[in-house]
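To be precise, the following lines are work_35.txt, and they hold compact mmCIF, C-alpha atoms.
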# COMPACT_ATOMS: atom_id res chain seq x y z
CA MET G 385 -94.34 -59.93 31.04
CA PRO G 386 -96.73 -60.43 28.08
CA ARG G 387 -93.88 -59.38 25.78
CA ARG G 388 -91.64 -62.05 27.33
CA ILE G 389 -94.34 -64.71 26.90
CA GLU G 390 -94.76 -63.68 23.27
CA GLN G 391 -91.01 -64.07 22.67
CA ILE G 392 -90.95 -67.51 24.29
CA TRP G 393 -93.92 -68.61 22.16
CA HIS G 394 -92.30 -67.24 19.00
CA HIS G 395 -89.11 -69.25 19.57
CA SER G 396 -90.72 -72.44 20.84
CA ARG G 397 -93.81 -72.82 18.67
CA GLY G 398 -91.84 -74.84 16.13
CA VAL G 399 -91.47 -77.53 18.81
CA ILE G 400 -94.69 -77.08 20.82
CA LEU G 401 -97.13 -77.30 17.91
CA PRO G 402 -95.71 -80.51 16.35
CA ALA G 403 -95.37 -82.10 19.79
CA ALA G 404 -99.00 -81.24 20.62
CA ALA G 405 -100.14 -82.72 17.31
CA VAL G 406 -98.23 -85.96 17.97
CA ILE G 407 -99.66 -86.25 21.51
CA LEU G 408 -103.19 -85.66 20.20
CA LEU G 409 -102.71 -88.29 17.51
CA GLY G 410 -101.43 -90.75 20.11
CA LEU G 411 -104.44 -90.17 22.35
CA LEU G 412 -106.84 -90.65 19.43
CA TRP G 413 -104.98 -93.82 18.44
CA GLU G 414 -105.14 -95.21 21.98
CA ALA G 415 -108.82 -94.40 22.34
CA SER G 416 -109.74 -95.84 18.94
CA VAL G 417 -108.04 -99.16 19.68
CA HIS G 418 -109.99 -99.56 22.92
CA ILE G 419 -113.32 -98.24 21.63
CA PHE G 420 -113.37 -100.44 18.52
CA SER G 421 -111.62 -103.43 20.20
CA ILE G 422 -109.00 -103.68 17.44
CA PRO G 423 -106.87 -106.85 17.83
CA VAL G 424 -103.31 -106.15 18.93
CA TYR G 425 -101.84 -108.02 15.95
CA LEU G 426 -103.64 -105.59 13.61
CA LEU G 427 -103.08 -102.30 15.39
CA PRO G 428 -101.48 -102.23 18.85
CA ALA G 429 -102.21 -99.31 21.13
CA PRO G 430 -99.36 -96.86 21.87
CA SER G 431 -99.33 -98.10 25.48
CA VAL G 432 -98.72 -101.68 24.30
CA ILE G 433 -95.96 -100.51 21.95
CA TRP G 434 -94.33 -98.64 24.82
CA VAL G 435 -94.46 -101.65 27.18
CA ASP G 436 -92.89 -103.92 24.55
CA PHE G 437 -90.27 -101.28 23.80
CA ILE G 438 -89.24 -101.04 27.46
CA SER G 439 -89.13 -104.82 27.88
CA LYS G 440 -86.80 -105.17 24.87
CA ALA G 441 -84.79 -101.96 25.36
CA ASP G 442 -81.37 -103.62 25.10
CA LEU G 443 -82.28 -105.45 21.91
CA VAL G 444 -83.83 -102.32 20.39
CA TYR G 445 -80.71 -100.31 21.26
CA GLY G 446 -78.50 -102.78 19.38
CA HIS G 447 -80.73 -102.72 16.31
CA THR G 448 -80.92 -98.92 16.41
CA THR G 449 -77.14 -98.58 16.62
CA ALA G 450 -76.72 -100.87 13.59
CA THR G 451 -79.21 -98.83 11.56
CA VAL G 452 -77.59 -95.52 12.53
CA ASN G 453 -74.20 -96.83 11.42
CA THR G 454 -75.66 -97.82 8.04
CA ILE G 455 -77.43 -94.47 7.64
CA LEU G 456 -74.30 -92.45 8.40
CA GLY G 457 -72.12 -94.68 6.21
CA GLY G 458 -74.40 -94.28 3.20
CA PHE G 459 -74.87 -90.56 3.87
CA LEU G 460 -71.14 -89.83 4.11
CA LEU G 461 -70.50 -91.88 0.97
CA SER G 462 -73.18 -89.87 -0.85
CA ILE G 463 -71.41 -86.64 0.12
CA ALA G 464 -68.04 -87.96 -1.05
CA ILE G 465 -69.44 -89.03 -4.44
CA SER G 466 -71.94 -86.20 -5.01
CA PHE G 467 -69.52 -83.32 -4.55
CA PRO G 468 -67.13 -84.15 -7.44
CA LEU G 469 -70.04 -85.22 -9.64
CA ALA G 470 -71.83 -81.91 -9.07
CA VAL G 471 -68.64 -79.96 -9.81
CA MET G 472 -68.17 -81.87 -13.07
CA ILE G 473 -71.80 -81.29 -14.06
CA ALA G 474 -71.49 -77.56 -13.37
CA SER G 475 -68.20 -77.30 -15.24
CA SER G 476 -69.18 -78.81 -18.58
CA ALA G 477 -72.44 -79.14 -20.50
CA VAL G 478 -71.03 -82.21 -22.25
CA VAL G 479 -70.29 -83.90 -18.92
CA ALA G 480 -73.72 -82.90 -17.61
CA ASN G 481 -75.48 -84.40 -20.63
CA THR G 482 -73.42 -87.57 -20.18
CA ILE G 483 -73.83 -88.00 -16.44
CA TYR G 484 -77.44 -86.99 -15.88
CA PRO G 485 -78.97 -89.94 -17.80
CA LEU G 486 -76.79 -92.30 -15.75
CA LEU G 487 -77.95 -90.66 -12.53
CA VAL G 488 -81.58 -91.05 -13.58
CA LEU G 489 -80.86 -94.68 -14.45
CA THR G 490 -79.57 -95.37 -10.94
CA GLN G 491 -82.82 -93.99 -9.52
CA SER G 492 -84.96 -96.04 -11.90
CA ILE G 493 -83.65 -99.34 -10.53
CA PRO G 494 -85.77 -100.62 -7.61
CA LYS G 495 -83.43 -100.80 -4.63
CA VAL G 496 -85.23 -103.84 -3.21
CA ALA G 497 -84.42 -105.69 -6.44
CA LEU G 498 -80.81 -104.47 -6.46
CA ALA G 499 -80.03 -105.42 -2.85
CA PRO G 500 -79.95 -109.23 -3.39
CA ILE G 501 -77.57 -108.77 -6.34
CA LEU G 502 -75.27 -106.68 -4.16
CA VAL G 503 -75.36 -109.37 -1.49
CA VAL G 504 -74.25 -111.97 -4.04
CA ALA G 505 -71.47 -109.69 -5.29
CA LEU G 506 -70.24 -108.27 -1.98
CA GLY G 507 -71.37 -110.77 0.63
CA ALA G 508 -73.93 -110.47 3.40
CA GLY G 509 -72.04 -107.84 5.37
CA GLU G 510 -72.49 -104.15 5.98
CA MET G 511 -71.29 -102.99 2.56
CA PRO G 512 -74.43 -103.94 0.53
CA ARG G 513 -76.64 -102.03 2.96
CA VAL G 514 -74.36 -98.98 2.85
CA ILE G 515 -74.39 -99.02 -0.97
CA VAL G 516 -78.19 -99.27 -1.08
CA THR G 517 -78.38 -96.35 1.35
CA PHE G 518 -75.96 -94.38 -0.79
CA LEU G 519 -77.93 -95.05 -3.98
CA VAL G 520 -81.12 -93.77 -2.36
CA ALA G 521 -79.49 -90.70 -0.75
CA PHE G 522 -77.04 -89.31 -3.28
CA PHE G 523 -79.37 -88.30 -6.15
CA PRO G 524 -81.13 -85.36 -4.41
CA LEU G 525 -77.78 -84.19 -3.08
CA VAL G 526 -75.93 -84.18 -6.40
CA THR G 527 -78.82 -82.53 -8.24
CA SER G 528 -79.30 -79.85 -5.56
CA LEU G 529 -75.60 -79.03 -5.43
CA ALA G 530 -75.27 -78.95 -9.23
CA THR G 531 -78.29 -76.64 -9.42
CA GLY G 532 -76.70 -74.33 -6.86
CA LEU G 533 -73.38 -74.24 -8.69
CA LEU G 534 -75.17 -73.35 -11.93
CA ALA G 535 -77.50 -70.77 -10.33
CA VAL G 536 -74.80 -68.12 -9.93
CA PRO G 537 -75.77 -64.90 -11.75
CA LYS G 538 -73.91 -64.50 -15.01
CA ASP G 539 -72.80 -61.01 -13.99
CA LEU G 540 -70.70 -62.44 -11.17
CA ILE G 541 -69.09 -65.00 -13.46
CA GLU G 542 -68.33 -62.37 -16.09
CA LEU G 543 -66.89 -60.06 -13.44
CA SER G 544 -64.62 -62.84 -12.18
CA ARG G 545 -63.41 -63.61 -15.68
CA SER G 546 -62.82 -59.94 -16.43
CA TYR G 547 -60.33 -59.95 -13.54
CA ARG G 548 -58.72 -63.07 -15.01
CA GLY G 549 -59.96 -65.29 -12.21
CA THR G 550 -59.00 -68.95 -12.58
CA TRP G 551 -61.46 -71.82 -12.70
CA TRP G 552 -60.54 -72.78 -9.14
CA GLN G 553 -61.06 -69.22 -7.89
CA GLU G 554 -64.43 -69.02 -9.64
CA MET G 555 -65.50 -72.33 -8.14
CA TRP G 556 -64.16 -71.72 -4.61
CA LEU G 557 -64.95 -68.02 -4.17
CA ILE G 558 -68.17 -67.63 -6.15
CA ARG G 559 -69.97 -70.84 -7.09
CA LEU G 560 -69.51 -72.79 -3.84
CA PRO G 561 -70.57 -69.96 -1.47
CA TRP G 562 -73.57 -69.23 -3.70
CA SER G 563 -74.61 -72.89 -3.66
CA VAL G 564 -74.58 -73.31 0.15
CA PRO G 565 -78.40 -73.04 0.55
CA PHE G 566 -78.87 -75.54 -2.28
CA LEU G 567 -76.27 -77.81 -0.71
CA PHE G 568 -78.03 -77.94 2.64
CA ASN G 569 -81.41 -78.49 1.03
CA GLY G 570 -79.84 -81.51 -0.67
CA LEU G 571 -78.23 -82.67 2.57
CA LYS G 572 -81.57 -82.54 4.39
CA LEU G 573 -83.20 -84.62 1.68
CA ALA G 574 -80.25 -87.00 1.55
CA ILE G 575 -80.18 -87.73 5.28
CA THR G 576 -83.94 -88.35 5.24
CA PHE G 577 -83.68 -90.68 2.25
CA ALA G 578 -80.72 -92.41 3.91
CA VAL G 579 -83.06 -93.61 6.66
CA VAL G 580 -85.30 -95.12 3.97
CA GLY G 581 -82.35 -96.66 2.15
CA ALA G 582 -80.90 -98.24 5.27
CA THR G 583 -84.28 -99.78 6.12
CA VAL G 584 -84.67 -101.18 2.60
CA GLY G 585 -81.19 -102.70 2.77
CA GLU G 586 -81.99 -104.33 6.10
CA PHE G 587 -85.20 -105.78 4.73
CA VAL G 588 -83.24 -107.81 2.20
CA ALA G 589 -79.94 -108.81 3.77
CA ALA G 590 -79.31 -108.22 7.46
CA ASP G 591 -79.18 -109.97 10.79
CA LYS G 592 -79.50 -106.73 12.74
CA GLY G 593 -81.00 -103.28 12.37
CA LEU G 594 -84.49 -101.82 12.70
CA GLY G 595 -85.48 -102.99 9.21
CA TYR G 596 -84.49 -106.53 10.15
CA GLN G 597 -86.41 -106.17 13.42
CA ILE G 598 -89.56 -105.15 11.53
CA MET G 599 -89.29 -108.15 9.21
CA ALA G 600 -88.63 -110.57 12.06
CA ALA G 601 -91.46 -109.15 14.21
CA THR G 602 -94.08 -109.22 11.47
CA SER G 603 -93.13 -112.81 10.61
CA PHE G 604 -94.40 -113.79 14.07
CA PHE G 605 -97.30 -111.28 14.11
CA ASN G 606 -95.52 -109.30 16.83
CA THR G 607 -96.95 -106.07 15.47
CA SER G 608 -96.20 -103.95 18.51
CA VAL G 609 -92.45 -104.48 18.10
CA ALA G 610 -92.71 -103.62 14.40
CA PHE G 611 -94.60 -100.41 15.19
CA GLY G 612 -91.99 -99.55 17.82
CA ALA G 613 -89.24 -99.88 15.22
CA LEU G 614 -91.24 -97.66 12.86
CA VAL G 615 -91.51 -95.01 15.55
CA ILE G 616 -87.75 -95.12 16.15
CA LEU G 617 -87.07 -94.82 12.41
CA SER G 618 -89.34 -91.78 12.26
CA LEU G 619 -87.56 -90.19 15.21
CA LEU G 620 -84.19 -90.92 13.62
CA GLY G 621 -85.28 -89.14 10.45
CA ILE G 622 -86.45 -86.10 12.43
CA VAL G 623 -83.34 -85.93 14.61
CA LEU G 624 -80.89 -86.31 11.71
CA PHE G 625 -82.79 -83.75 9.61
CA GLN G 626 -82.69 -81.26 12.48
CA ALA G 627 -78.99 -81.97 13.05
CA VAL G 628 -78.24 -80.93 9.47
CA ALA G 629 -80.44 -77.84 9.90
CA ILE G 630 -78.59 -76.88 13.10
CA ILE G 631 -75.21 -77.27 11.37
CA GLU G 632 -76.44 -74.95 8.63
CA ARG G 633 -77.65 -72.32 11.12
CA VAL G 634 -74.40 -72.46 13.10
CA LEU G 635 -71.88 -72.50 10.23
CA PHE G 636 -73.85 -70.56 7.58
CA PRO G 637 -76.48 -68.45 9.38
CA TRP G 638 -76.89 -66.25 6.30
CA SER G 639 -78.02 -69.19 4.14
CA SER G 640 -81.08 -70.27 6.15
CA PRO G 641 -84.28 -68.19 5.96
CA GLN G 642 -84.86 -66.01 8.99
CA GLU G 643 -88.28 -65.17 10.41

Reformat the file's structure so that it appears as structure tokens.
Amino acid sequence: MPRRIEQIWHHSRGVILPAAAVILLGLLWEASVHIFSIPVYLLPAPSVIWVDFISKADLVYGHTTATVNTILGGFLLSIAISFPLAVMIASSAVVANTIYPLLVLTQSIPKVALAPILVVALGAGEMPRVIVTFLVAFFPLVTSLATGLLAVPKDLIELSRSYRGTWWQEMWLIRLPWSVPFLFNGLKLAITFAVVGATVGEFVAADKGLGYQIMAATSFFNTSVAFGALVILSLLGIVLFQAVAIIERVLFPWSSPQE
């Protein structure tokens, strides 16, 4: 029996410990608000946030769905663009030296400043928000994947070439399998940054989404609704990150570190 309990603890501690920390933080937050009589418009108690969340559940669901669509749109676009870019970077030093400064340039531009320009160019629809999300998410993905493609030991590459392997065979059979751990590290970062990018896009040009809800709520000092949206955004980031991690463990169990 003690052995069984030890096994259950070993497999579940990754969930129990963070959950316990969150619950403890919530209790301290609730107690602090009441003890120090903090006004609700400055820092609402978790109980107040929960009551407002329940009372506006339908509205919150609509905003959450809109944000998820933007996140996934930008994330999938980042995958579609990052993969060929990473392959080109890994294939040629000249291409790498040409592309990398442009990639850094895209990250140097403040996305909040870029969003209004995209709205003017593309209209106030979904596309500007998806592009902002993409611009935030794709950089860690392309750099991680390019690093993985270039991290293959030279002995393997020389062995492949000694057997007259083609460029496609080298890329498909050696470089891509070797880069899987790097790829999923990039995907985890990208999906997390996509949540940030979608929120930034909704701050600037949106009539729906959790970022829009935060802006609208704070305009009327409805801080509890804004905090509720922040909580949902945090949960979205955690859930999407874990979804990528689960995909990695299921499809490529050899690439993730085992305890």

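Atom pair atom CA of Val580 of chain G / atom CA of Leu617 of chain G: separated by 8.6 Å.
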
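Taking atom CA of Val496 of chain G and atom CA of Leu620 of chain G as the two end points, the separation is 21.2 Å.
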
Set up a box along x, y and z of the file covering all listed atoms of segment 472-478 of chain G, add 5 Å on every one of the six sides, and write the centre and edge lengths in Å to one decimal, as lines of an AutoDock Vina configuration file.
center_x = -70.3
center_y = -79.8
center_z = -17.7
size_x = 14.3
size_y = 14.9
size_z = 19.2

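Nearest to Ala578 of chain G of all the residues G:Thr531, G:Asn481, G:Ser476, G:Thr454 is G:Thr454, counting all atoms listed in the file.
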
Checklist outcome for this item: In Å and to one decimal, atom CA of Val536 of chain G is distant from atom CA of Ile473 of chain G by 14.1 Å

Residues of segment 518-601 of chain G at most 10 Å from segment 629-640 of chain G: nearest atom pair and distance in Å, all atoms listed in the file, as a Markdown table:
| residue | atom | partner | partner_atom | distance |
| --- | --- | --- | --- | --- |
| G:Pro561 | CA | G:Ser639 | CA | 9.4 |
| G:Trp562 | CA | G:Ser639 | CA | 9.0 |
| G:Ser563 | CA | G:Ser639 | CA | 9.3 |
| G:Val564 | CA | G:Ser639 | CA | 6.7 |
| G:Pro565 | CA | G:Ser639 | CA | 5.3 |
| G:Phe566 | CA | G:Ser639 | CA | 9.1 |
| G:Leu567 | CA | G:Glu632 | CA | 9.8 |
| G:Phe568 | CA | G:Glu632 | CA | 6.9 |
| G:Asn569 | CA | G:Ala629 | CA | 8.9 |
| G:Leu571 | CA | G:Ala629 | CA | 9.1 |
| G:Lys572 | CA | G:Ala629 | CA | 7.3 |

Any chance you could export the current selection's C-alpha atoms as a CSV table (one decimal), keeping the file's coordinate frame?
chain,number,residue,atom,x,y,z
G,561,PRO,CA,-70.6,-70.0,-1.5
G,562,TRP,CA,-73.6,-69.2,-3.7
G,563,SER,CA,-74.6,-72.9,-3.7
G,564,VAL,CA,-74.6,-73.3,0.2
G,565,PRO,CA,-78.4,-73.0,0.6
G,566,PHE,CA,-78.9,-75.5,-2.3
G,567,LEU,CA,-76.3,-77.8,-0.7
G,568,PHE,CA,-78.0,-77.9,2.6
G,569,ASN,CA,-81.4,-78.5,1.0
G,571,LEU,CA,-78.2,-82.7,2.6
G,572,LYS,CA,-81.6,-82.5,4.4

Near segment 499-513 of chain G, 8 Å: segment 560-601 of chain G residue rows, closest pairs, all atoms listed in the file, as CSV:
residue,atom,partner,partner_atom,distance
G:Gly581,CA,G:Arg513,CA,7.9
G:Ala582,CA,G:Arg513,CA,6.2
G:Gly585,CA,G:Arg513,CA,4.6
G:Glu586,CA,G:Arg513,CA,6.6
G:Val588,CA,G:Ala499,CA,6.4
G:Ala589,CA,G:Ala508,CA,6.2
G:Ala590,CA,G:Ala508,CA,7.1

Next on the checklist: Set the distance at 10 Å and use only C-alpha atoms: which residues neighbour Leu426 of chain G once local chain neighbours fewer than 6 positions away are removed? I'd like the list as a ChimeraX atom specification.
Outcome noted: /G:417,605-608

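When all atoms listed in the file are used to measure the gap to Leu573 of chain G, the shortest distance among G:Tyr484, G:Phe523, G:Trp413, G:Phe467 belongs to G:Phe523.
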
Checklist entry - With all atoms listed in the file as the atoms that count, which of G:Ile438, G:Ala480, G:Val609, G:Gly457 lies nearest to Val424 of chain G? => result G:Val609

Item to check | Which of G:Phe625, G:Tyr445, G:Trp556, G:Tyr596 sits closest to Phe459 of chain G [using all atoms listed in the file] | outcome: G:Phe625

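With all atoms listed in the file as the basis for measurement, G:Gly570 is the residue among G:Gly446, G:Pro423, G:Pro494, G:Gly570 that approaches Ser466 of chain G most closely.
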
Next on the checklist: With all atoms listed in the file as the counted atoms, please give the residues lying no more than 10 Å from Ser618 of chain G, apart from itself and same-chain residues fewer than 4 positions off, as a list of chain:residue names.
Outcome noted: G:Thr576, G:Val579, G:Val580, G:Gly612, G:Ala613, G:Leu614, G:Ile622, G:Val623

Saved selection, atoms kept: C-alpha atoms, as a PDB file, in the coordinates of the input:
ATOM      1  CA  THR G 576     -83.940 -88.350   5.240  1.00  0.00           C
ATOM      2  CA  VAL G 579     -83.060 -93.610   6.660  1.00  0.00           C
ATOM      3  CA  VAL G 580     -85.300 -95.120   3.970  1.00  0.00           C
ATOM      4  CA  GLY G 612     -91.990 -99.550  17.820  1.00  0.00           C
ATOM      5  CA  ALA G 613     -89.240 -99.880  15.220  1.00  0.00           C
ATOM      6  CA  LEU G 614     -91.240 -97.660  12.860  1.00  0.00           C
ATOM      7  CA  ILE G 622     -86.450 -86.100  12.430  1.00  0.00           C
ATOM      8  CA  VAL G 623     -83.340 -85.930  14.610  1.00  0.00           C
TER       9      VAL G 623
END

Item to check | Selection: 9 Å around Ile616 of chain G, all atoms listed in the file, excl. self and same-chain fewer than 5 positions, as a VMD selection string | outcome: chain G and resid 448 594 611 621
